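Q: This is the content of work-v6.pdb (PDB, C-alpha atoms):
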ATOM      1  CA  MET Y   1     -22.561  -5.187  35.018
ATOM      2  CA  LEU Y   2     -19.306  -7.074  35.157
ATOM      3  CA  LEU Y   3     -16.387  -5.401  36.860
ATOM      4  CA  LYS Y   4     -13.288  -5.008  34.738
ATOM      5  CA  ILE Y   5     -10.766  -7.353  36.305
ATOM      6  CA  ASN Y   6      -8.685 -10.378  35.365
ATOM      7  CA  PRO Y   7     -10.367 -13.680  36.124
ATOM      8  CA  ASN Y   8      -7.893 -15.321  38.489
ATOM      9  CA  ARG Y   9      -7.889 -16.725  41.998
ATOM     10  CA  MET Y  10      -6.385 -13.608  43.588
ATOM     11  CA  GLU Y  11      -9.200 -11.446  42.307
ATOM     12  CA  LEU Y  12     -11.773 -14.012  43.307
ATOM     13  CA  LEU Y  13     -10.581 -13.988  46.920
ATOM     14  CA  ARG Y  14     -10.459 -10.200  46.952
ATOM     15  CA  LEU Y  15     -13.964  -9.884  45.576
ATOM     16  CA  LYS Y  16     -15.348 -12.396  48.029
ATOM     17  CA  LYS Y  17     -13.941 -10.337  50.888
ATOM     18  CA  ARG Y  18     -15.438  -7.181  49.409
ATOM     19  CA  LEU Y  19     -18.801  -8.844  49.064
ATOM     20  CA  ILE Y  20     -18.842  -9.774  52.738
ATOM     21  CA  VAL Y  21     -17.971  -6.204  53.734
ATOM     22  CA  ALA Y  22     -20.581  -4.786  51.377
ATOM     23  CA  LYS Y  23     -23.274  -7.032  52.770
ATOM     24  CA  ARG Y  24     -22.431  -6.112  56.322
ATOM     25  CA  GLY Y  25     -22.361  -2.418  55.462
ATOM     26  CA  TYR Y  26     -25.686  -2.738  53.715
ATOM     27  CA  LYS Y  27     -27.308  -4.291  56.745
ATOM     28  CA  LEU Y  28     -25.884  -1.651  59.073
ATOM     29  CA  LEU Y  29     -26.896   1.241  56.858
ATOM     30  CA  LYS Y  30     -30.383  -0.150  56.446
ATOM     31  CA  ASP Y  31     -30.767  -0.311  60.201
ATOM     32  CA  LYS Y  32     -29.441   3.224  60.497
ATOM     33  CA  ARG Y  33     -31.922   4.481  57.936
ATOM     34  CA  ASP Y  34     -34.838   2.845  59.697
ATOM     35  CA  ALA Y  35     -33.812   4.228  63.066
ATOM     36  CA  LEU Y  36     -33.329   7.713  61.619
ATOM     37  CA  ILE Y  37     -36.758   7.698  60.036
ATOM     38  CA  GLN Y  38     -38.298   6.625  63.309
ATOM     39  CA  VAL Y  39     -36.718   9.550  65.156
ATOM     40  CA  PHE Y  40     -37.501  11.882  62.285
ATOM     41  CA  VAL Y  41     -41.209  11.103  62.257
ATOM     42  CA  ARG Y  42     -41.423  11.641  65.982
ATOM     43  CA  LEU Y  43     -39.621  14.986  65.762
ATOM     44  CA  ALA Y  44     -41.683  16.106  62.785
ATOM     45  CA  LYS Y  45     -44.920  15.489  64.648
ATOM     46  CA  GLU Y  46     -43.605  17.326  67.672
ATOM     47  CA  ASN Y  47     -42.403  20.208  65.526
ATOM     48  CA  HIS Y  48     -45.785  20.537  63.875
ATOM     49  CA  GLN Y  49     -47.523  20.685  67.193
ATOM     50  CA  VAL Y  50     -45.098  23.097  68.862
ATOM     51  CA  ARG Y  51     -45.026  25.371  65.846
ATOM     52  CA  GLU Y  52     -48.784  25.730  65.784
ATOM     53  CA  GLU Y  53     -48.769  26.567  69.456
ATOM     54  CA  LEU Y  54     -46.021  29.125  68.917
ATOM     55  CA  GLU Y  55     -47.706  30.829  65.999
ATOM     56  CA  GLU Y  56     -50.920  31.155  67.917
ATOM     57  CA  LYS Y  57     -49.175  32.579  70.958
ATOM     58  CA  LEU Y  58     -47.014  34.928  68.927
ATOM     59  CA  LEU Y  59     -50.002  36.424  67.160
ATOM     60  CA  LYS Y  60     -51.614  36.995  70.548
ATOM     61  CA  CYS Y  61     -48.423  38.710  71.702
ATOM     62  CA  TYR Y  62     -48.436  40.938  68.657
ATOM     63  CA  THR Y  63     -51.988  42.079  69.190
ATOM     64  CA  PHE Y  64     -51.275  42.644  72.851
ATOM     65  CA  PHE Y  65     -48.252  44.748  72.055
ATOM     66  CA  SER Y  66     -50.204  46.715  69.477
ATOM     67  CA  SER Y  67     -52.742  47.640  72.088
ATOM     68  CA  VAL Y  68     -49.917  48.713  74.380
ATOM     69  CA  SER Y  69     -48.398  50.930  71.738
ATOM     70  CA  SER Y  70     -51.773  52.473  71.080
ATOM     71  CA  LEU Y  71     -52.048  53.368  74.761
ATOM     72  CA  MET Y  72     -48.715  55.132  74.849
ATOM     73  CA  SER Y  73     -47.408  57.944  72.720
ATOM     74  CA  LYS Y  74     -44.878  56.951  70.131
ATOM     75  CA  MET Y  75     -42.136  58.998  71.735
ATOM     76  CA  THR Y  76     -42.497  57.443  75.178
ATOM     77  CA  LEU Y  77     -42.602  53.967  73.713
ATOM     78  CA  GLU Y  78     -39.418  54.616  71.790
ATOM     79  CA  GLU Y  79     -37.769  55.981  74.892
ATOM     80  CA  THR Y  80     -38.899  53.036  76.955
ATOM     81  CA  LEU Y  81     -37.565  50.534  74.501
ATOM     82  CA  MET Y  82     -34.317  52.316  73.909
ATOM     83  CA  PHE Y  83     -32.102  50.762  76.581
ATOM     84  CA  PRO Y  84     -32.745  47.152  77.386
ATOM     85  CA  LYS Y  85     -31.108  45.987  80.578
ATOM     86  CA  ALA Y  86     -31.777  42.312  80.234
ATOM     87  CA  LYS Y  87     -29.684  40.016  78.124
ATOM     88  CA  SER Y  88     -31.166  36.961  76.496
ATOM     89  CA  ARG Y  89     -28.682  34.276  75.698
ATOM     90  CA  THR Y  90     -28.783  30.635  74.858
ATOM     91  CA  GLU Y  91     -26.625  27.721  75.811
ATOM     92  CA  VAL Y  92     -25.948  25.229  73.076
ATOM     93  CA  SER Y  93     -25.243  21.585  73.630
ATOM     94  CA  PHE Y  94     -25.280  18.771  71.127
ATOM     95  CA  LYS Y  95     -27.152  15.533  71.126
ATOM     96  CA  ASN Y  96     -26.012  12.667  68.980
ATOM     97  CA  ILE Y  97     -28.804  10.913  67.115
ATOM     98  CA  MET Y  98     -27.354   8.146  64.936
ATOM     99  CA  SER Y  99     -24.174  10.148  64.295
ATOM    100  CA  VAL Y 100     -26.104  13.322  63.490
ATOM    101  CA  ASN Y 101     -25.179  16.109  65.870
ATOM    102  CA  VAL Y 102     -28.388  17.863  66.775
ATOM    103  CA  PRO Y 103     -28.262  21.122  68.763
ATOM    104  CA  GLN Y 104     -30.145  21.644  72.010
ATOM    105  CA  TYR Y 105     -30.827  25.181  73.153
ATOM    106  CA  LYS Y 106     -31.308  26.316  76.696
ATOM    107  CA  PHE Y 107     -32.724  29.749  77.256
ATOM    108  CA  LYS Y 108     -31.107  32.093  79.740
ATOM    109  CA  CYS Y 109     -32.238  35.608  80.545
ATOM    110  CA  GLU Y 110     -29.932  37.734  82.634
ATOM    111  CA  GLY Y 111     -31.109  40.884  84.374
ATOM    112  CA  LYS Y 112     -34.581  42.301  84.692
ATOM    113  CA  TYR Y 113     -36.495  43.375  81.671
ATOM    114  CA  TYR Y 114     -38.530  46.013  83.525
ATOM    115  CA  SER Y 115     -36.009  48.699  82.777
ATOM    116  CA  TYR Y 116     -38.262  51.699  82.418
ATOM    117  CA  SER Y 117     -40.058  54.222  84.501
ATOM    118  CA  LEU Y 118     -43.386  53.004  85.751
ATOM    119  CA  VAL Y 119     -44.839  56.482  85.720
ATOM    120  CA  ASP Y 120     -44.832  57.179  81.997
ATOM    121  CA  THR Y 121     -45.698  53.732  80.746
ATOM    122  CA  ALA Y 122     -48.951  51.873  80.455
ATOM    123  CA  ALA Y 123     -49.520  49.022  82.858
ATOM    124  CA  GLU Y 124     -50.206  46.674  79.980
ATOM    125  CA  LEU Y 125     -46.582  46.963  78.892
ATOM    126  CA  ASP Y 126     -45.530  44.870  81.884
ATOM    127  CA  SER Y 127     -47.774  41.987  80.994
ATOM    128  CA  ALA Y 128     -46.912  42.273  77.317
ATOM    129  CA  LEU Y 129     -43.239  41.932  78.177
ATOM    130  CA  LYS Y 130     -43.989  39.018  80.446
ATOM    131  CA  LYS Y 131     -45.756  37.316  77.569
ATOM    132  CA  TYR Y 132     -42.787  37.909  75.275
ATOM    133  CA  HIS Y 133     -40.461  36.584  77.939
ATOM    134  CA  GLU Y 134     -42.529  33.436  78.265
ATOM    135  CA  ILE Y 135     -42.632  32.839  74.548
ATOM    136  CA  LEU Y 136     -38.868  32.914  73.963
ATOM    137  CA  PRO Y 137     -38.147  29.389  75.281
ATOM    138  CA  LEU Y 138     -40.893  28.110  73.021
ATOM    139  CA  MET Y 139     -39.312  29.898  70.072
ATOM    140  CA  LEU Y 140     -35.976  28.305  70.866
ATOM    141  CA  LYS Y 141     -37.658  24.921  71.061
ATOM    142  CA  VAL Y 142     -39.029  25.428  67.557
ATOM    143  CA  ALA Y 143     -35.607  26.589  66.360
ATOM    144  CA  GLU Y 144     -34.060  23.460  67.812
ATOM    145  CA  LEU Y 145     -36.629  21.189  66.193
ATOM    146  CA  ASP Y 146     -36.385  22.977  62.844
ATOM    147  CA  LYS Y 147     -32.648  22.571  62.757
ATOM    148  CA  SER Y 148     -32.797  18.938  63.870
ATOM    149  CA  ILE Y 149     -35.318  18.114  61.195
ATOM    150  CA  THR Y 150     -33.286  19.721  58.439
ATOM    151  CA  LEU Y 151     -30.154  17.890  59.543
ATOM    152  CA  LEU Y 152     -31.951  14.581  59.909
ATOM    153  CA  ALA Y 153     -33.669  14.912  56.537
ATOM    154  CA  ASN Y 154     -30.308  15.434  54.865
ATOM    155  CA  GLU Y 155     -28.774  12.493  56.666
ATOM    156  CA  ILE Y 156     -31.706  10.241  55.795
ATOM    157  CA  GLU Y 157     -31.431  11.211  52.148
ATOM    158  CA  LYS Y 158     -27.723  10.436  52.152
ATOM    159  CA  THR Y 159     -28.127   7.114  53.944
ATOM    160  CA  ARG Y 160     -30.940   6.063  51.666
ATOM    161  CA  ARG Y 161     -28.830   6.741  48.623
ATOM    162  CA  ARG Y 162     -26.012   4.652  50.062
ATOM    163  CA  VAL Y 163     -28.340   1.790  50.921
ATOM    164  CA  ASN Y 164     -29.790   1.820  47.422
ATOM    165  CA  ALA Y 165     -26.361   1.944  45.808
ATOM    166  CA  LEU Y 166     -25.274  -1.069  47.815
ATOM    167  CA  GLU Y 167     -28.472  -2.991  47.277
ATOM    168  CA  TYR Y 168     -28.977  -2.422  43.569
ATOM    169  CA  VAL Y 169     -25.492  -1.778  42.198
ATOM    170  CA  ILE Y 170     -22.534  -2.869  44.252
ATOM    171  CA  ILE Y 171     -23.746  -6.172  45.685
ATOM    172  CA  PRO Y 172     -25.253  -7.494  42.395
ATOM    173  CA  ASP Y 173     -22.116  -6.423  40.512
ATOM    174  CA  LEU Y 174     -19.871  -8.224  42.929
ATOM    175  CA  GLU Y 175     -21.995 -11.354  42.869
ATOM    176  CA  GLU Y 176     -22.060 -11.397  39.106
ATOM    177  CA  THR Y 177     -18.321 -10.934  38.817
ATOM    178  CA  ILE Y 178     -17.631 -13.641  41.384
ATOM    179  CA  LYS Y 179     -19.854 -16.000  39.435
ATOM    180  CA  PHE Y 180     -18.080 -15.070  36.211
ATOM    181  CA  ILE Y 181     -14.644 -15.732  37.681
ATOM    182  CA  THR Y 182     -15.698 -19.082  39.161
ATOM    183  CA  MET Y 183     -17.115 -20.149  35.797
ATOM    184  CA  LYS Y 184     -13.998 -19.036  34.002
ATOM    185  CA  LEU Y 185     -11.721 -20.872  36.409
ATOM    186  CA  ASP Y 186     -13.823 -24.026  36.168
ATOM    187  CA  GLU Y 187     -13.769 -23.772  32.436
ATOM    188  CA  MET Y 188      -9.994 -23.423  32.447
ATOM    189  CA  ALA Y 189      -9.638 -26.417  34.763
ATOM    190  CA  ARG Y 190     -11.835 -28.494  32.482
ATOM    191  CA  SER Y 191      -9.933 -27.472  29.402
ATOM    192  CA  THR Y 192      -6.532 -28.345  30.951
ATOM    193  CA  ASN Y 193      -8.004 -31.604  32.201
ATOM    194  CA  SER Y 194      -9.198 -32.641  28.752
ATOM    195  CA  ALA Y 195      -5.889 -31.525  27.212
ATOM    196  CA  ILE Y 196      -3.987 -33.726  29.651
ATOM    197  CA  MET Y 197      -6.295 -36.668  28.911
ATOM    198  CA  ARG Y 198      -5.743 -36.191  25.196
ATOM    199  CA  ILE Y 199      -1.953 -35.998  25.579
ATOM    200  CA  LYS Y 200      -2.059 -39.131  27.702
ATOM    201  CA  GLU Y 201      -3.944 -40.967  24.927
ATOM    202  CA  ILE Y 202      -1.453 -39.783  22.310
ATOM    203  CA  ILE Y 203       1.527 -40.932  24.370
ATOM    204  CA  ARG Y 204      -0.047 -44.318  25.099
ATOM    205  CA  ALA Y 205      -0.883 -44.971  21.423
TER     206      ALA Y 205
ATOM    207  CA  MET H   1     -23.168  31.397  75.570
ATOM    208  CA  TYR H   2     -24.628  32.392  72.255
ATOM    209  CA  LYS H   3     -26.826  35.290  71.253
ATOM    210  CA  ILE H   4     -30.300  35.296  69.773
ATOM    211  CA  ALA H   5     -31.266  37.511  66.845
ATOM    212  CA  LEU H   6     -34.518  38.591  65.277
ATOM    213  CA  MET H   7     -34.863  39.924  61.777
ATOM    214  CA  GLY H   8     -37.916  41.334  60.060
ATOM    215  CA  ASP H   9     -40.152  44.322  59.821
ATOM    216  CA  ARG H  10     -39.764  46.736  62.677
ATOM    217  CA  ASP H  11     -43.318  46.657  63.978
ATOM    218  CA  THR H  12     -43.315  42.932  64.468
ATOM    219  CA  ILE H  13     -40.049  42.500  66.274
ATOM    220  CA  ILE H  14     -39.928  45.673  68.362
ATOM    221  CA  GLY H  15     -41.668  43.978  71.274
ATOM    222  CA  PHE H  16     -38.667  41.780  71.919
ATOM    223  CA  LYS H  17     -36.368  44.727  72.394
ATOM    224  CA  LEU H  18     -36.440  44.929  76.181
ATOM    225  CA  LEU H  19     -35.606  41.250  76.536
ATOM    226  CA  GLY H  20     -32.101  41.866  75.253
ATOM    227  CA  VAL H  21     -32.441  40.054  71.974
ATOM    228  CA  SER H  22     -30.540  41.526  69.031
ATOM    229  CA  LEU H  23     -32.955  43.087  66.560
ATOM    230  CA  PHE H  24     -32.282  43.728  62.895
ATOM    231  CA  PRO H  25     -35.228  45.560  61.360
ATOM    232  CA  THR H  26     -35.181  45.427  57.589
ATOM    233  CA  ASN H  27     -37.564  45.301  54.658
ATOM    234  CA  LYS H  28     -35.257  44.958  51.719
ATOM    235  CA  LYS H  29     -34.057  41.744  50.221
ATOM    236  CA  GLU H  30     -30.413  42.675  49.618
ATOM    237  CA  GLU H  31     -30.050  44.162  53.058
ATOM    238  CA  ALA H  32     -31.565  41.074  54.645
ATOM    239  CA  VAL H  33     -29.171  38.748  52.842
ATOM    240  CA  GLU H  34     -26.255  40.909  53.902
ATOM    241  CA  ILE H  35     -27.328  40.918  57.535
ATOM    242  CA  LEU H  36     -27.946  37.200  57.471
ATOM    243  CA  ASN H  37     -24.492  36.434  56.118
ATOM    244  CA  LYS H  38     -22.960  38.674  58.743
ATOM    245  CA  LEU H  39     -24.914  37.075  61.575
ATOM    246  CA  VAL H  40     -23.997  33.564  60.547
ATOM    247  CA  LYS H  41     -20.345  34.406  61.064
ATOM    248  CA  ALA H  42     -20.933  36.101  64.428
ATOM    249  CA  GLU H  43     -21.731  34.256  67.619
ATOM    250  CA  TYR H  44     -25.435  33.707  67.129
ATOM    251  CA  ALA H  45     -27.078  30.359  67.756
ATOM    252  CA  ALA H  46     -30.626  31.124  66.722
ATOM    253  CA  ILE H  47     -31.916  33.627  64.202
ATOM    254  CA  PHE H  48     -35.613  34.218  63.812
ATOM    255  CA  VAL H  49     -36.861  35.686  60.567
ATOM    256  CA  THR H  50     -40.360  36.981  59.992
ATOM    257  CA  GLU H  51     -42.366  35.468  57.182
ATOM    258  CA  GLU H  52     -42.475  38.522  54.948
ATOM    259  CA  ILE H  53     -38.715  38.783  54.691
ATOM    260  CA  ALA H  54     -38.243  35.017  54.730
ATOM    261  CA  CYS H  55     -40.345  34.659  51.569
ATOM    262  CA  GLN H  56     -37.910  36.868  49.724
ATOM    263  CA  ILE H  57     -34.700  35.247  50.906
ATOM    264  CA  PHE H  58     -36.014  31.715  51.048
ATOM    265  CA  GLU H  59     -33.111  30.127  49.171
ATOM    266  CA  GLU H  60     -30.504  31.782  51.348
ATOM    267  CA  ILE H  61     -32.250  30.550  54.453
ATOM    268  CA  GLU H  62     -32.462  26.987  53.201
ATOM    269  CA  LYS H  63     -28.822  26.978  52.217
ATOM    270  CA  LEU H  64     -27.584  28.382  55.512
ATOM    271  CA  GLN H  65     -29.826  26.099  57.530
ATOM    272  CA  LYS H  66     -28.149  23.139  55.875
ATOM    273  CA  THR H  67     -24.560  24.291  56.014
ATOM    274  CA  SER H  68     -24.055  26.561  59.004
ATOM    275  CA  PHE H  69     -24.121  26.255  62.765
ATOM    276  CA  VAL H  70     -27.010  28.659  63.352
ATOM    277  CA  SER H  71     -30.611  27.643  63.442
ATOM    278  CA  LEU H  72     -32.828  29.768  61.209
ATOM    279  CA  THR H  73     -36.458  29.772  62.163
ATOM    280  CA  ILE H  74     -39.383  31.450  60.509
ATOM    281  CA  ILE H  75     -41.925  33.172  62.693
ATOM    282  CA  PRO H  76     -45.225  34.694  61.561
ATOM    283  CA  SER H  77     -45.300  38.429  61.048
ATOM    284  CA  LYS H  78     -47.867  40.820  62.360
ATOM    285  CA  LEU H  79     -49.877  41.203  59.211
ATOM    286  CA  GLU H  80     -50.772  37.817  57.846
ATOM    287  CA  LYS H  81     -50.102  34.132  58.247
ATOM    288  CA  LYS H  82     -48.460  32.430  55.310
ATOM    289  CA  TYR H  83     -47.572  29.062  56.874
ATOM    290  CA  LEU H  84     -44.048  29.264  55.503
ATOM    291  CA  GLY H  85     -42.594  27.416  58.488
ATOM    292  CA  LEU H  86     -44.966  24.521  57.960
ATOM    293  CA  LYS H  87     -44.153  24.480  54.274
ATOM    294  CA  ILE H  88     -40.473  24.000  55.049
ATOM    295  CA  LEU H  89     -41.354  21.230  57.469
ATOM    296  CA  ARG H  90     -43.417  19.470  54.829
ATOM    297  CA  LYS H  91     -40.646  19.833  52.306
ATOM    298  CA  ASN H  92     -38.193  18.211  54.687
ATOM    299  CA  ILE H  93     -40.597  15.380  55.372
ATOM    300  CA  GLU H  94     -41.016  14.770  51.683
ATOM    301  CA  LYS H  95     -37.273  14.731  51.264
ATOM    302  CA  ALA H  96     -36.726  12.255  54.077
ATOM    303  CA  ILE H  97     -39.598   9.857  53.649
ATOM    304  CA  GLY H  98     -40.526  10.362  50.020
ATOM    305  CA  THR H  99     -44.056  11.505  50.603
ATOM    306  CA  ASP H 100     -45.807  13.708  53.085
ATOM    307  CA  ILE H 101     -47.494  11.084  55.218
ATOM    308  CA  LEU H 102     -48.003  13.112  58.340
ATOM    309  CA  PHE H 103     -50.272  16.015  57.557
ATOM    310  CA  ARG H 104     -51.210  16.155  53.954
ATOM    311  CA  LYS H 105     -54.514  17.942  54.245
ATOM    312  CA  GLU H 106     -53.958  20.554  56.861
ATOM    313  CA  VAL H 107     -52.101  23.213  54.899
ATOM    314  CA  GLU H 108     -53.790  24.418  51.724
TER     315      GLU H 108
END
For the structure just supplied, provide its representation as structure tokens.

A:
Amino acid sequence: MLLKINPNRMELLRLKKRLIVAKRGYKLLKDKRDALIQVFVRLAKENHQVREELEEKLLKCYTFFSSVSSLMSKMTLEETLMFPKAKSRTEVSFKNIMSVNVPQYKFKCEGKYYSYSLVDTAAELDSALKKYHEILPLMLKVAELDKSITLLANEIEKTRRRVNALEYVIIPDLEETIKFITMKLDEMARSTNSAIMRIKEIIRA
Amino acid sequence: MYKIALMGDRDTIIGFKLLGVSLFPTNKKEEAVEILNKLVKAEYAAIFVTEEIACQIFEEIEKLQKTSFVSLTIIPSKLEKKYLGLKILRKNIEKAIGTDILFRKEVE
């Protein structure tokens, strides 16, 4: 589609500059898209693997904890779980992948989680808690990967749309308009040329 | 330092209590959405939601995952496995690459 502009030399120069910029941007964005997809595929595979591991381990934890709760009376279990001493926190830092800020979580557990009387509780509770404690970093890893993948997927979608717009709309439009203006200018030059030749003939005759 | 939260049915998440993670037991959809919106504004970095509840508030989760700082992750609940987490992963892959080239067969 032709752009709506006046066919003159000013516009021609302007459009030529724009075409150069558009082509450079197109190349850059295409490279960005390819790099993003590369990272994305790697992360997606990792996420798949880690998630399966997590789900398996979590289900084991659940069954383990169920057996613990069956060993203890409901009241004691409630009492035991009432006041946690430990504090689980996470440190967040950001990693820049192709201008996408991806979070990185680091698990920190302050204080001891054995904050109950050893007399009233079943021994299995200790190991159940240990299992839960071990699984938390893995959960954070999955959280990190999930978030990264969502962010990357959005960025890839955006970049792809830009690349396509440049490739199929903006660059062809610019090229067509430049061609149109050149033709028009040439045509004008020819027409003035022939007019001058004609006038010259008339004067000479 | 940011906090970690778990949301879902009480039986599933109770085991995490002694580790000092914030627990939000809930079964109802409206309540879950309310809690979620509150948590997003507070200083939480990661929120884990069990599958049962996540199914009901799926759209909210997707929206917040895209727009907010927190990371929302779906974990399986005690009762059954629904593979919701993997479904989200596949959806993202389809969005990014156009087709699910990585693991087409494994789920369903």

Q: Name every residue that the PyMOL selection byres ((chain H) within 6 of (chain Y)) selects in this structure, writing the answer as a ChimeraX atom specification with chains first and numbers rising.

A: /H:1-3,18-21,71,73,92,96

Q: Between H:Thr12, H:Thr99, H:Thr67, H:Asn27, single out the one closest to Val40 of chain H, counting only C-alpha atoms.

A: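 With only C-alpha atoms as the atom set, the closest residue is H:Thr67.
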
Q: Find the distance between atom CA of Ser127 of chain Y and atom CA of Ser22 of chain H and write it in Å to one decimal.

A: 21.0 Å

Q: Let me have the centre and edge lengths of the axis-aligned box enclosing all listed atoms of segment 101-105 of chain Y with 6 Å padding on every side, in Å to one decimal, as JSON.

A:
{"center_x": -28.0, "center_y": 20.6, "center_z": 69.5, "size_x": 17.6, "size_y": 21.1, "size_z": 19.3}

Q: What do you get, as a count of residues only, if you spell out every residue that the PyMOL selection byres ((chain H and resi 84) around 8) selects here?

A: 9

Q: Within 9 Å of segment 173-187 of chain Y, counting all atoms listed in the file, which residues show up once you throw out same-chain ones fewer than 3 positions away? Write them as a PyMOL selection string, please.

A: chain Y and resi 1-9+11-13+15-16+18-19+168-170+190-192

Q: Can you tell me how far atom CA of Glu46 of chain Y sits from atom CA of Lys95 of chain Y, in Å to one decimal?

A: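 Answer for the atom CA of Glu46 of chain Y to atom CA of Lys95 of chain Y separation: 16.9 Å.
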